[in-house]
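Student: Okay, here's the structure, questions in a sec.
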Number of protein chains: 2
Amino acid sequence: MTNVRVAGVGLTHFGHHPERTSRDLFAEAGLSALDDADVAAGDVESVYYGNFMGELSEHQGHQGPLAAEALGVDAPATRYESACASSGVALRQAVRDVRNGEVDVAVVGGAERMNNLETAESTEALAIAADDLYEVRAGMTFPGAYALMASAYFEQFGGSREDLAHVAVKNHANALGNDHAQYQKEITVEDAMESPPVASPLHLYDACPVTDGASAVVLVGEAYAESEDLDAPVAVTGTGQGGDKMALHDREDVATSPAATDAAEEAYEDAGVSADDVDLAEVHDCFTIAEVLATESLGFFETGEGVDAARRGVTTSDGDLPVNLSGGLKAKGHPVGATGTSQVAELTKLLRGDHVNSEHVPDATTAVAHNAGGTVASAVVHVLEEVEA
Amino acid sequence: MTNVRVAGVGLTHFGHHPERTSRDLFAEAGLSALDDADVAAGDVESVYYGNFMGELSEHQGHQGPLAAEALGVDAPATRYESACASSGVALRQAVRDVRNGEVDVAVVGGAERMNNLETAESTEALAIAADDLYEVRAGMTFPGAYALMASAYFEQFGGSREDLAHVAVKNHANALGNDHAQYQKEITVEDAMESPPVASPLHLYDACPVTDGASAVVLVGEAYAESEDLDAPVAVTGTGQGGDKMALHDREDVATSPAATDAAEEAYEDAGVSADDVDLAEVHDCFTIAEVLATESLGFFETGEGVDAARRGVTTSDGDLPVNLSGGLKAKGHPVGATGTSQVAELTKLLRGDHVNSEHVPDATTAVAHNAGGTVASAVVHVLEEVEA
């Protein structure tokens with residue numbers, strides 16, 4: 001078993017790019033990652049590609065070969081789809097394959113183009129991440145689903161809209177210097193409180209935007225990194241995946257996310273770390289309540305105490321445990337299929353010290369990425385560690 | 001590295017089931033496979049699920065968790081999409097994970113529901129396996145693409161429509177006793193020749209039908225099979241995957257399928273066998289010309305000689321190298337996401353001796369499955385061997 005290094009990362013700007021295809025976006029991110037890694041396209045042995053709704057937004061399936069072609073890579077390529085966790089599951093598979101010596105050099109990434117759709121169309125397209133027969137046909141949308149989760153959380157554990165507003169304010173503040181972010185715009189708790197309602201108790205500023213963008217990371221085996229003298233100081237040391245019933249009504253409890261808890265426990269055990277060792281995290285804050293749930297699933301806070309931690313500022317850039325220093329899905333944006341690997345790209349830069357927000361975590365060595373699909377029917381967690389100065 | 005055993009297989013009837021959802025179809029196939037394996041759903045550690053067009057035909061993405069739930073499995077589940085090779089790539093990943101000890105017990109399968117769409121809709125949905133920007137918008141459909149490949153083949157190597165008709169006649173004959181097959185109907189060369197043209201030189205009987213159905217296999221590590229005293233005499237000993245440019249016009253040659261050749265060479269090397277060792281094969285005959293190309297890619301015949309072999313009957317049930325004893329995509333049917341694992345299910349039964357056509361291959365020990373996506377921009381090949389009497 002070999003150790004898995006992140007040799008390079010690449011990101012497009014996340015935002016409004018309706019005129020660019022997914023393949024075009026992915027070409028930019030992937031070539032940027034190869035350049036960052038100092039790895040030639042000809043050395044790539046496999047491409048792991050995440051995309052969620054290409055069939056609906058671009059009339060394009062079978063995107064694996066297109067993703068490889070976009071990078072000039074002549075190697076097998078497969079598309080992974082697990083809703084908003086699509087590139088997270090792609091990453092997990094690549095980590096396993098590199099670790100087990102099946103592949104020495106892998107490009108993993110994802111892309112999504114959504115803003116070419118009308119708003120009602122993209123809301124409907126996003127809904128395919130839920131159970132069509134039993135949720136979507138009953139009128140469920142994702143803002144509605146997370147509103148149910150927020151209501152259940154408030155009822156069981158307390159908390160308020162204003163507590164959640166702190167998550168939005170923090171993530172917008174973190175995105176201010178991030179050139180890749182969709183929103184580089186400071187907001188206040190009052191702005192969030194006064195934003196229009198979307199699905200009670202969630203308002204506009206509780207929700208991530210509709211985003212076009214792509215991300216990629218180059219993974220290599222440690223021996224390859226050494227033989228090629230690559231500068232790859234960050235390793236993926238743990239991977240975990242969890243699953244849950246698809247529909248909210250089939251779960252015992254909707255105020256917790258056991259799939260993410262399972263994924264985190266597996267990833268920590270795999271890496272030989274515990275939640276206490278984690279210095280920073282990127283979590284799947286498609287809605288503010290989702291960040292709260294994620295920080296509990298990751299073991300940072302006890303169940304029911306995440307909302308209090310958010311209010312107290314524990315997870316701000318100057319807090320004990322910075323969460324979503326990239327700006328998160330909330331402010332950086334959420335190009336669905338690209339989100340999982342974008343988290344790892346951001347964390348890699350934060351650990352390497354070349355991220356705009358690295359100054360907030362100068363001594364950080366251990367980071368966690370949490371990527372969720374649907375209402376956390378799928379969850380993937382990865383542990384990253386700095387292994388060289 | 002552990003050896004990977006096929007502990008059980010399951011198939012629905014392949015055919016016209018527009019009233020059944022993919023999850024319903026997969027439940028039948030998956031539970032049948034678990035029953036065949038004598039493995040409890042609670043022991044399954046991961047589900048690998050192939051589906052191609054659920055977003056378009058059922059307004060359903062994120063099918064991994066639904067697939068697990070359909071079997072009563074509480075474990076991570078991921079959906080793989082590589083057009084017509086979707087469950088083939090899922091299988092490859094499961095083989096790697098079981099082999100490397102990441103997972104001891106995996107369910108791999110796929111499902112597709114297509115006949116709930118109108119014919120024009122399903123043709124358009126299938127086209128997402130090609131390059132939307134540069135092929136589909138120019139009017140390309142899959143019958144058209146394979147017609148181009150057939151024309152190029154005839155021009156470079158010779159051969160005729162009548163030669164291809166022998167492929168259709170053979171596969172219909174093989175499907176006669178297969179209860180899972182969409183068509184249990186004998187046809188003659190004359191029937192095929194007189195069938196209406198679809199895209200010259202291909203006629204109706206050169207094409208596989210539009211099919212609903214599901215398939216599943218249970219893979220286990222050898223140690224698990226022994227500890228649980230499972231009857232699992234067939235092993236997956238080789239896996240290979242190849243990729244190619246997506247669009248036909250970007251390839252140097254469209255009368256050969258280098259992605260499949262690459263996949264076959266990798267799978268043979270992985271298994272430590274050669275094409276000469278192969279006793280029978282299931283290949284991706286979405287069109288008759290595709291079977292000819294596949295038998296060349298697999299190294300059974302020299303490039304340009306596959307069509308002659310088809311005419312001479314080398315690949316019939318009584319020939320030297322039976323191909324598509326199940327009836328193939330042509331007569332058994334092609335529920336896209338289910339096809340890859342259905343090939344392995346059929347080969348497992350053929351090797352075990354409990355397939356209706358096992359009598360044709362009583363001494364067979366080595367079999368190959370060839371699953372292709374699009375116009376073979378993706379290809380996956382697996383080698384199966386009987387390892388116990």
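We name chains A, B, ... following the order of the structure tokens; residues begin at 1 in each chain, and ligands are numbered from 1 as shown.
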With DSSP run on the backbone, what are the alpha helix (DSSP H) residues within segment 110-160 of chain A? I'd like them as a PyMOL selection string.
Tutor: chain A and resi 119-126+142-157
Student: Which residues of chain B have any atom within 8 Å of an atom in chain A when counting only C-alpha atoms, and what is the closest pair of atoms for each, with the distance in Å to one decimal? Order the rows by chain and rising number and write it as JSON lines.
Tutor:
{"residue": "B:Phe52", "atom": "CA", "partner": "A:Gly61", "partner_atom": "CA", "distance": 7.6}
{"residue": "B:Met53", "atom": "CA", "partner": "A:Glu55", "partner_atom": "CA", "distance": 7.7}
{"residue": "B:Glu55", "atom": "CA", "partner": "A:Glu55", "partner_atom": "CA", "distance": 6.6}
{"residue": "B:Leu56", "atom": "CA", "partner": "A:Glu55", "partner_atom": "CA", "distance": 7.0}
{"residue": "B:Glu58", "atom": "CA", "partner": "A:Asp132", "partner_atom": "CA", "distance": 7.9}
{"residue": "B:His59", "atom": "CA", "partner": "A:Ile128", "partner_atom": "CA", "distance": 5.8}
{"residue": "B:Gln60", "atom": "CA", "partner": "A:Ile128", "partner_atom": "CA", "distance": 4.7}
{"residue": "B:Gly61", "atom": "CA", "partner": "A:Ile128", "partner_atom": "CA", "distance": 4.9}
{"residue": "B:His62", "atom": "CA", "partner": "A:Ser82", "partner_atom": "CA", "distance": 4.9}
{"residue": "B:Gln63", "atom": "CA", "partner": "A:Ser82", "partner_atom": "CA", "distance": 7.5}
{"residue": "B:Gly64", "atom": "CA", "partner": "A:Ser82", "partner_atom": "CA", "distance": 6.8}
{"residue": "B:Pro65", "atom": "CA", "partner": "A:Met246", "partner_atom": "CA", "distance": 5.9}
{"residue": "B:Leu66", "atom": "CA", "partner": "A:Met246", "partner_atom": "CA", "distance": 6.2}
{"residue": "B:Glu69", "atom": "CA", "partner": "A:Lys245", "partner_atom": "CA", "distance": 6.4}
{"residue": "B:Asp74", "atom": "CA", "partner": "A:Gly243", "partner_atom": "CA", "distance": 7.0}
{"residue": "B:Ala75", "atom": "CA", "partner": "A:Gly243", "partner_atom": "CA", "distance": 5.6}
{"residue": "B:Pro76", "atom": "CA", "partner": "A:Gly243", "partner_atom": "CA", "distance": 4.4}
{"residue": "B:Ala77", "atom": "CA", "partner": "A:Gly243", "partner_atom": "CA", "distance": 6.5}
{"residue": "B:Thr78", "atom": "CA", "partner": "A:Ser82", "partner_atom": "CA", "distance": 6.2}
{"residue": "B:Arg79", "atom": "CA", "partner": "A:Glu81", "partner_atom": "CA", "distance": 5.6}
{"residue": "B:Tyr80", "atom": "CA", "partner": "A:Tyr80", "partner_atom": "CA", "distance": 5.1}
{"residue": "B:Glu81", "atom": "CA", "partner": "A:Arg79", "partner_atom": "CA", "distance": 5.6}
{"residue": "B:Ser82", "atom": "CA", "partner": "A:His62", "partner_atom": "CA", "distance": 4.9}
{"residue": "B:Ala83", "atom": "CA", "partner": "A:His62", "partner_atom": "CA", "distance": 5.0}
{"residue": "B:Val89", "atom": "CA", "partner": "A:Thr78", "partner_atom": "CA", "distance": 7.3}
{"residue": "B:Gln93", "atom": "CA", "partner": "A:Gln93", "partner_atom": "CA", "distance": 7.9}
{"residue": "B:Arg96", "atom": "CA", "partner": "A:Asp97", "partner_atom": "CA", "distance": 7.7}
{"residue": "B:Asp97", "atom": "CA", "partner": "A:Arg96", "partner_atom": "CA", "distance": 7.7}
{"residue": "B:Asn100", "atom": "CA", "partner": "A:Asn100", "partner_atom": "CA", "distance": 6.5}
{"residue": "B:Glu102", "atom": "CA", "partner": "A:Arg96", "partner_atom": "CA", "distance": 7.9}
{"residue": "B:Ile128", "atom": "CA", "partner": "A:Gln60", "partner_atom": "CA", "distance": 4.7}
{"residue": "B:Ala129", "atom": "CA", "partner": "A:His62", "partner_atom": "CA", "distance": 5.1}
{"residue": "B:Ala130", "atom": "CA", "partner": "A:His62", "partner_atom": "CA", "distance": 7.4}
{"residue": "B:Asp131", "atom": "CA", "partner": "A:Gln60", "partner_atom": "CA", "distance": 7.1}
{"residue": "B:Asp132", "atom": "CA", "partner": "A:Gln60", "partner_atom": "CA", "distance": 5.9}
{"residue": "B:Gln241", "atom": "CA", "partner": "A:Pro76", "partner_atom": "CA", "distance": 6.0}
{"residue": "B:Gly242", "atom": "CA", "partner": "A:Pro76", "partner_atom": "CA", "distance": 4.9}
{"residue": "B:Gly243", "atom": "CA", "partner": "A:Pro76", "partner_atom": "CA", "distance": 4.4}
{"residue": "B:Asp244", "atom": "CA", "partner": "A:Pro65", "partner_atom": "CA", "distance": 6.6}
{"residue": "B:Lys245", "atom": "CA", "partner": "A:Glu69", "partner_atom": "CA", "distance": 6.4}
{"residue": "B:Met246", "atom": "CA", "partner": "A:Pro65", "partner_atom": "CA", "distance": 5.9}
{"residue": "B:Gly373", "atom": "CA", "partner": "A:His62", "partner_atom": "CA", "distance": 7.7}
{"residue": "B:Gly374", "atom": "CA", "partner": "A:His62", "partner_atom": "CA", "distance": 7.6}
{"residue": "B:Ala377", "atom": "CA", "partner": "A:Pro65", "partner_atom": "CA", "distance": 6.4}
{"residue": "B:Ser378", "atom": "CA", "partner": "A:Pro65", "partner_atom": "CA", "distance": 7.0}
Student: Return as number ranges by chain the full set of residues in segment 93-206 of chain B whose backbone-based DSSP assignment is strand (DSSP E or B).
Tutor: B: 105-112, 197-199, 202-203
Student: Include all heavy atoms and write out the residues we just selected as an mmCIF file, in the first residue's frame.
Tutor:
data_model
loop_
_atom_site.group_PDB
_atom_site.id
_atom_site.type_symbol
_atom_site.label_atom_id
_atom_site.label_comp_id
_atom_site.auth_asym_id
_atom_site.auth_seq_id
_atom_site.Cartn_x
_atom_site.Cartn_y
_atom_site.Cartn_z
ATOM 1 N N VAL B 105 -17.407 -8.041 0.480
ATOM 2 C CA VAL B 105 -18.655 -8.464 -0.164
ATOM 3 C C VAL B 105 -19.264 -7.269 -0.899
ATOM 4 O O VAL B 105 -19.607 -6.256 -0.286
ATOM 5 C CB VAL B 105 -19.678 -8.977 0.867
ATOM 6 C CG1 VAL B 105 -20.933 -9.489 0.157
ATOM 7 C CG2 VAL B 105 -19.065 -10.063 1.742
ATOM 8 N N ALA B 106 -19.385 -7.381 -2.201
ATOM 9 C CA ALA B 106 -19.919 -6.292 -3.012
ATOM 10 C C ALA B 106 -21.061 -6.786 -3.879
ATOM 11 O O ALA B 106 -21.018 -7.908 -4.384
ATOM 12 C CB ALA B 106 -18.818 -5.712 -3.911
ATOM 13 N N VAL B 107 -22.071 -5.946 -4.025
ATOM 14 C CA VAL B 107 -23.073 -6.192 -5.062
ATOM 15 C C VAL B 107 -22.797 -5.209 -6.198
ATOM 16 O O VAL B 107 -22.641 -4.011 -5.961
ATOM 17 C CB VAL B 107 -24.509 -5.983 -4.549
ATOM 18 C CG1 VAL B 107 -25.507 -6.024 -5.717
ATOM 19 C CG2 VAL B 107 -24.867 -7.054 -3.533
ATOM 20 N N VAL B 108 -22.684 -5.737 -7.394
ATOM 21 C CA VAL B 108 -22.473 -4.915 -8.582
ATOM 22 C C VAL B 108 -23.593 -5.203 -9.550
ATOM 23 O O VAL B 108 -23.940 -6.363 -9.768
ATOM 24 C CB VAL B 108 -21.159 -5.259 -9.306
ATOM 25 C CG1 VAL B 108 -20.773 -4.137 -10.246
ATOM 26 C CG2 VAL B 108 -20.055 -5.582 -8.341
ATOM 27 N N GLY B 109 -24.140 -4.165 -10.128
ATOM 28 C CA GLY B 109 -25.197 -4.418 -11.100
ATOM 29 C C GLY B 109 -25.600 -3.163 -11.802
ATOM 30 O O GLY B 109 -24.905 -2.134 -11.753
ATOM 31 N N GLY B 110 -26.722 -3.247 -12.459
ATOM 32 C CA GLY B 110 -27.221 -2.088 -13.165
ATOM 33 C C GLY B 110 -28.644 -2.320 -13.609
ATOM 34 O O GLY B 110 -29.158 -3.445 -13.555
ATOM 35 N N ALA B 111 -29.274 -1.238 -14.013
ATOM 36 C CA ALA B 111 -30.651 -1.327 -14.490
ATOM 37 C C ALA B 111 -30.897 -0.202 -15.476
ATOM 38 O O ALA B 111 -30.214 0.823 -15.449
ATOM 39 C CB ALA B 111 -31.636 -1.230 -13.334
ATOM 40 N N GLU B 112 -31.865 -0.429 -16.334
ATOM 41 C CA GLU B 112 -32.291 0.631 -17.239
ATOM 42 C C GLU B 112 -33.755 0.433 -17.585
ATOM 43 O O GLU B 112 -34.216 -0.691 -17.773
ATOM 44 C CB GLU B 112 -31.464 0.602 -18.536
ATOM 45 C CG GLU B 112 -31.361 1.937 -19.240
ATOM 46 C CD GLU B 112 -30.330 2.867 -18.577
ATOM 47 O OE1 GLU B 112 -29.193 2.425 -18.341
ATOM 48 O OE2 GLU B 112 -30.687 4.025 -18.275
ATOM 49 N N PRO B 197 -34.360 -1.206 -43.900
ATOM 50 C CA PRO B 197 -33.118 -0.492 -43.621
ATOM 51 C C PRO B 197 -33.313 0.497 -42.468
ATOM 52 O O PRO B 197 -34.379 1.075 -42.304
ATOM 53 C CB PRO B 197 -32.815 0.243 -44.926
ATOM 54 C CG PRO B 197 -34.133 0.384 -45.604
ATOM 55 C CD PRO B 197 -34.944 -0.812 -45.197
ATOM 56 N N VAL B 198 -32.265 0.659 -41.666
ATOM 57 C CA VAL B 198 -32.282 1.639 -40.570
ATOM 58 C C VAL B 198 -31.313 2.761 -40.906
ATOM 59 O O VAL B 198 -31.671 3.940 -40.897
ATOM 60 C CB VAL B 198 -31.917 0.979 -39.227
ATOM 61 C CG1 VAL B 198 -31.809 2.018 -38.119
ATOM 62 C CG2 VAL B 198 -32.946 -0.084 -38.870
ATOM 63 N N ALA B 199 -30.077 2.398 -41.169
ATOM 64 C CA ALA B 199 -29.049 3.354 -41.604
ATOM 65 C C ALA B 199 -28.087 2.522 -42.435
ATOM 66 O O ALA B 199 -27.381 1.675 -41.891
ATOM 67 C CB ALA B 199 -28.341 3.994 -40.413
ATOM 68 N N LEU B 202 -26.801 -0.863 -42.438
ATOM 69 C CA LEU B 202 -27.446 -1.637 -41.373
ATOM 70 C C LEU B 202 -28.966 -1.635 -41.519
ATOM 71 O O LEU B 202 -29.582 -0.597 -41.770
ATOM 72 C CB LEU B 202 -27.058 -1.078 -39.998
ATOM 73 C CG LEU B 202 -25.556 -1.047 -39.685
ATOM 74 C CD1 LEU B 202 -25.309 -0.447 -38.304
ATOM 75 C CD2 LEU B 202 -24.940 -2.448 -39.782
ATOM 76 N N HIS B 203 -29.553 -2.818 -41.328
ATOM 77 C CA HIS B 203 -31.002 -2.978 -41.372
ATOM 78 C C HIS B 203 -31.515 -3.321 -39.970
ATOM 79 O O HIS B 203 -30.729 -3.438 -39.030
ATOM 80 C CB HIS B 203 -31.366 -4.065 -42.392
ATOM 81 C CG HIS B 203 -31.251 -3.601 -43.813
ATOM 82 N ND1 HIS B 203 -32.247 -3.752 -44.743
ATOM 83 C CD2 HIS B 203 -30.250 -2.945 -44.458
ATOM 84 C CE1 HIS B 203 -31.870 -3.233 -45.906
ATOM 85 N NE2 HIS B 203 -30.656 -2.737 -45.760
#
Student: Do you have, as a tab-separated table, the list of residues of segment 293-356 of chain B lying at most 10 Å from segment 146-154 of chain B, each with its nearest atom pair and that distance in Å to one decimal, counting only C-alpha atoms and ordered by chain then number?
Tutor:
residue	atom	partner	partner_atom	distance
B:Leu293	CA	B:Tyr153	CA	8.9
B:Thr303	CA	B:Tyr153	CA	9.9
B:Gly304	CA	B:Tyr153	CA	7.5
B:Val307	CA	B:Phe154	CA	9.2
Student: Under the rule of at most 10 Å, produce a per-residue listing of segment 196-290 of chain B near segment 169-180 of chain B: chain, number, name, the closest pair of atoms, and the distance in Å, as a tab-separated table, using only C-alpha atoms.
Tutor:
residue	atom	partner	partner_atom	distance
B:Tyr205	CA	B:Val169	CA	8.8
B:Asp206	CA	B:Val169	CA	9.7
B:Gly213	CA	B:His180	CA	9.3
B:Asp285	CA	B:Asn171	CA	9.3
B:Thr288	CA	B:Asn171	CA	9.6
Student: Using only C-alpha atoms, find the one residue out of A:Val383, A:Val98, A:Met140, A:Ile187 that sits nearest to Ala264 of chain A.
Tutor: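 The shortest atom-to-atom distance to Ala264 of chain A comes from A:Val383.
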Student: Can you list, as a PyMOL selection string, every protein, DNA or RNA residue that comes within 12 Å of Ala294 of chain B when you count only C-alpha atoms, leaving out same-chain residues fewer than 6 positions away?
Tutor: chain B and resi 255-264+281-288+300-307+310+323-324+368-372+375-376+379-381
Student: Save out the residues we just selected, N, CA, C and O atoms, as a compact mmCIF listing (two decimals), in the first residue's frame.
Tutor:
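Output file result28.txt is given in full below:
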# COMPACT_ATOMS: atom_id res chain seq x y z
N ALA B 255 -12.75 1.73 -38.31
CA ALA B 255 -13.05 0.32 -38.60
C ALA B 255 -12.39 -0.61 -37.59
O ALA B 255 -12.45 -1.83 -37.74
N THR B 256 -11.77 -0.03 -36.58
CA THR B 256 -11.22 -0.82 -35.49
C THR B 256 -11.58 -0.11 -34.18
O THR B 256 -11.98 1.05 -34.18
N SER B 257 -11.41 -0.81 -33.06
CA SER B 257 -11.76 -0.25 -31.74
C SER B 257 -10.58 -0.39 -30.79
O SER B 257 -10.55 -1.30 -29.96
N PRO B 258 -9.62 0.51 -30.88
CA PRO B 258 -8.42 0.37 -30.04
C PRO B 258 -8.70 0.40 -28.54
O PRO B 258 -7.95 -0.21 -27.77
N ALA B 259 -9.77 1.08 -28.12
CA ALA B 259 -10.08 1.10 -26.69
C ALA B 259 -10.36 -0.32 -26.20
O ALA B 259 -9.95 -0.70 -25.09
N ALA B 260 -11.06 -1.09 -27.02
CA ALA B 260 -11.37 -2.46 -26.62
C ALA B 260 -10.13 -3.34 -26.70
O ALA B 260 -9.95 -4.25 -25.88
N THR B 261 -9.28 -3.08 -27.68
CA THR B 261 -8.02 -3.83 -27.77
C THR B 261 -7.17 -3.58 -26.53
O THR B 261 -6.62 -4.51 -25.93
N ASP B 262 -7.07 -2.32 -26.14
CA ASP B 262 -6.32 -1.98 -24.92
C ASP B 262 -6.92 -2.68 -23.70
O ASP B 262 -6.18 -3.22 -22.85
N ALA B 263 -8.24 -2.63 -23.60
CA ALA B 263 -8.91 -3.25 -22.44
C ALA B 263 -8.64 -4.75 -22.41
O ALA B 263 -8.38 -5.33 -21.36
N ALA B 264 -8.71 -5.38 -23.59
CA ALA B 264 -8.50 -6.83 -23.66
C ALA B 264 -7.06 -7.19 -23.29
O ALA B 264 -6.82 -8.13 -22.51
N ALA B 281 -17.19 -16.25 -25.09
CA ALA B 281 -17.22 -14.82 -24.79
C ALA B 281 -18.62 -14.27 -24.92
O ALA B 281 -19.43 -14.76 -25.71
N GLU B 282 -18.88 -13.25 -24.11
CA GLU B 282 -20.05 -12.39 -24.32
C GLU B 282 -19.50 -11.04 -24.75
O GLU B 282 -18.66 -10.45 -24.06
N VAL B 283 -19.94 -10.56 -25.91
CA VAL B 283 -19.43 -9.29 -26.43
C VAL B 283 -20.57 -8.33 -26.71
O VAL B 283 -21.73 -8.73 -26.83
N HIS B 284 -20.19 -7.07 -26.84
CA HIS B 284 -21.15 -5.98 -26.91
C HIS B 284 -21.67 -5.78 -28.35
O HIS B 284 -21.23 -4.89 -29.07
N ASP B 285 -22.64 -6.61 -28.73
CA ASP B 285 -23.17 -6.56 -30.10
C ASP B 285 -24.41 -5.66 -30.18
O ASP B 285 -25.50 -6.11 -30.53
N CYS B 286 -24.22 -4.39 -29.89
CA CYS B 286 -25.35 -3.45 -30.01
C CYS B 286 -25.81 -3.40 -31.46
O CYS B 286 -26.99 -3.16 -31.74
N PHE B 287 -24.86 -3.61 -32.37
CA PHE B 287 -25.16 -3.83 -33.79
C PHE B 287 -24.30 -5.01 -34.24
O PHE B 287 -23.28 -5.30 -33.61
N THR B 288 -24.71 -5.66 -35.31
CA THR B 288 -23.96 -6.85 -35.75
C THR B 288 -22.49 -6.51 -36.02
O THR B 288 -21.60 -7.29 -35.66
N PHE B 300 -9.43 -12.67 -31.00
CA PHE B 300 -9.87 -13.98 -31.49
C PHE B 300 -9.54 -14.12 -32.98
O PHE B 300 -9.26 -15.22 -33.45
N PHE B 301 -9.62 -13.01 -33.67
CA PHE B 301 -9.33 -13.02 -35.12
C PHE B 301 -8.47 -11.81 -35.45
O PHE B 301 -8.52 -10.79 -34.75
N GLU B 302 -7.72 -11.91 -36.51
CA GLU B 302 -6.92 -10.77 -36.97
C GLU B 302 -7.85 -9.64 -37.41
O GLU B 302 -9.00 -9.88 -37.80
N THR B 303 -7.32 -8.43 -37.38
CA THR B 303 -8.09 -7.28 -37.85
C THR B 303 -8.53 -7.51 -39.30
O THR B 303 -7.73 -7.87 -40.15
N GLY B 304 -9.81 -7.35 -39.53
CA GLY B 304 -10.35 -7.52 -40.88
C GLY B 304 -10.83 -8.93 -41.17
O GLY B 304 -11.42 -9.18 -42.22
N GLU B 305 -10.59 -9.84 -40.21
CA GLU B 305 -10.99 -11.24 -40.46
C GLU B 305 -12.20 -11.68 -39.64
O GLU B 305 -12.67 -12.80 -39.78
N GLY B 306 -12.69 -10.78 -38.80
CA GLY B 306 -13.82 -11.14 -37.96
C GLY B 306 -15.08 -11.42 -38.75
O GLY B 306 -15.88 -12.29 -38.42
N VAL B 307 -15.26 -10.68 -39.81
CA VAL B 307 -16.48 -10.84 -40.60
C VAL B 307 -16.48 -12.20 -41.31
O VAL B 307 -17.52 -12.85 -41.44
N ALA B 310 -17.36 -14.81 -38.78
CA ALA B 310 -18.80 -14.83 -38.52
C ALA B 310 -19.52 -15.62 -39.61
O ALA B 310 -20.41 -16.45 -39.33
N VAL B 323 -19.66 -17.27 -29.22
CA VAL B 323 -19.77 -15.88 -28.79
C VAL B 323 -21.25 -15.53 -28.60
O VAL B 323 -22.08 -15.81 -29.45
N ASN B 324 -21.55 -14.94 -27.47
CA ASN B 324 -22.91 -14.53 -27.14
C ASN B 324 -23.89 -15.70 -27.09
O ASN B 324 -24.97 -15.67 -27.70
N VAL B 368 -14.65 -14.58 -21.48
CA VAL B 368 -14.36 -13.15 -21.53
C VAL B 368 -15.65 -12.37 -21.74
O VAL B 368 -16.51 -12.76 -22.53
N ALA B 369 -15.77 -11.23 -21.02
CA ALA B 369 -16.89 -10.31 -21.20
C ALA B 369 -16.35 -8.99 -21.75
O ALA B 369 -15.38 -8.44 -21.21
N HIS B 370 -17.00 -8.49 -22.78
CA HIS B 370 -16.57 -7.26 -23.48
C HIS B 370 -17.75 -6.32 -23.52
O HIS B 370 -18.77 -6.60 -24.12
N ASN B 371 -17.61 -5.17 -22.86
CA ASN B 371 -18.70 -4.20 -22.70
C ASN B 371 -18.18 -2.85 -23.21
O ASN B 371 -17.11 -2.41 -22.81
N ALA B 372 -18.95 -2.23 -24.11
CA ALA B 372 -18.46 -1.00 -24.75
C ALA B 372 -19.44 0.14 -24.55
O ALA B 372 -20.65 -0.05 -24.48
N THR B 375 -19.51 4.71 -29.24
CA THR B 375 -18.90 4.03 -30.38
C THR B 375 -17.53 3.50 -29.96
O THR B 375 -16.52 3.71 -30.64
N VAL B 376 -17.51 2.84 -28.79
CA VAL B 376 -16.31 2.28 -28.17
C VAL B 376 -15.31 3.37 -27.77
O VAL B 376 -14.10 3.19 -27.89
N ALA B 379 -14.34 1.11 -23.15
CA ALA B 379 -14.45 -0.34 -23.26
C ALA B 379 -13.92 -0.97 -21.99
O ALA B 379 -12.93 -0.49 -21.41
N VAL B 380 -14.59 -2.02 -21.57
CA VAL B 380 -14.18 -2.75 -20.37
C VAL B 380 -14.20 -4.23 -20.70
O VAL B 380 -15.15 -4.72 -21.31
N VAL B 381 -13.15 -4.94 -20.33
CA VAL B 381 -13.06 -6.37 -20.58
C VAL B 381 -12.73 -7.08 -19.26
O VAL B 381 -11.89 -6.61 -18.49
Student: From the set B:Ala338, B:Val292, B:Glu162, B:Arg251, which residue has the shortest atom-to-atom contact distance to Ser22 of chain B, counting only C-alpha atoms?
Tutor: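 Residue with the minimum atom-to-atom distance to Ser22 of chain B: B:Ala338.
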Student: Set the distance at 7 Å and use only C-alpha atoms: which residues neighbour Arg5 of chain B once local chain neighbours fewer than 4 positions away are removed? I'd like the list as a list in words.
Tutor: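 In the requested format, the answer is Leu219, Val220, Gly221, Glu222, Ala232, Val234, Ala235 and Val236 of chain B.
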Student: Could you tell me how far atom CA of Asp36 of chain B sits from atom CA of Arg352 of chain B, in Å to one decimal place?
Tutor: 12.3 Å
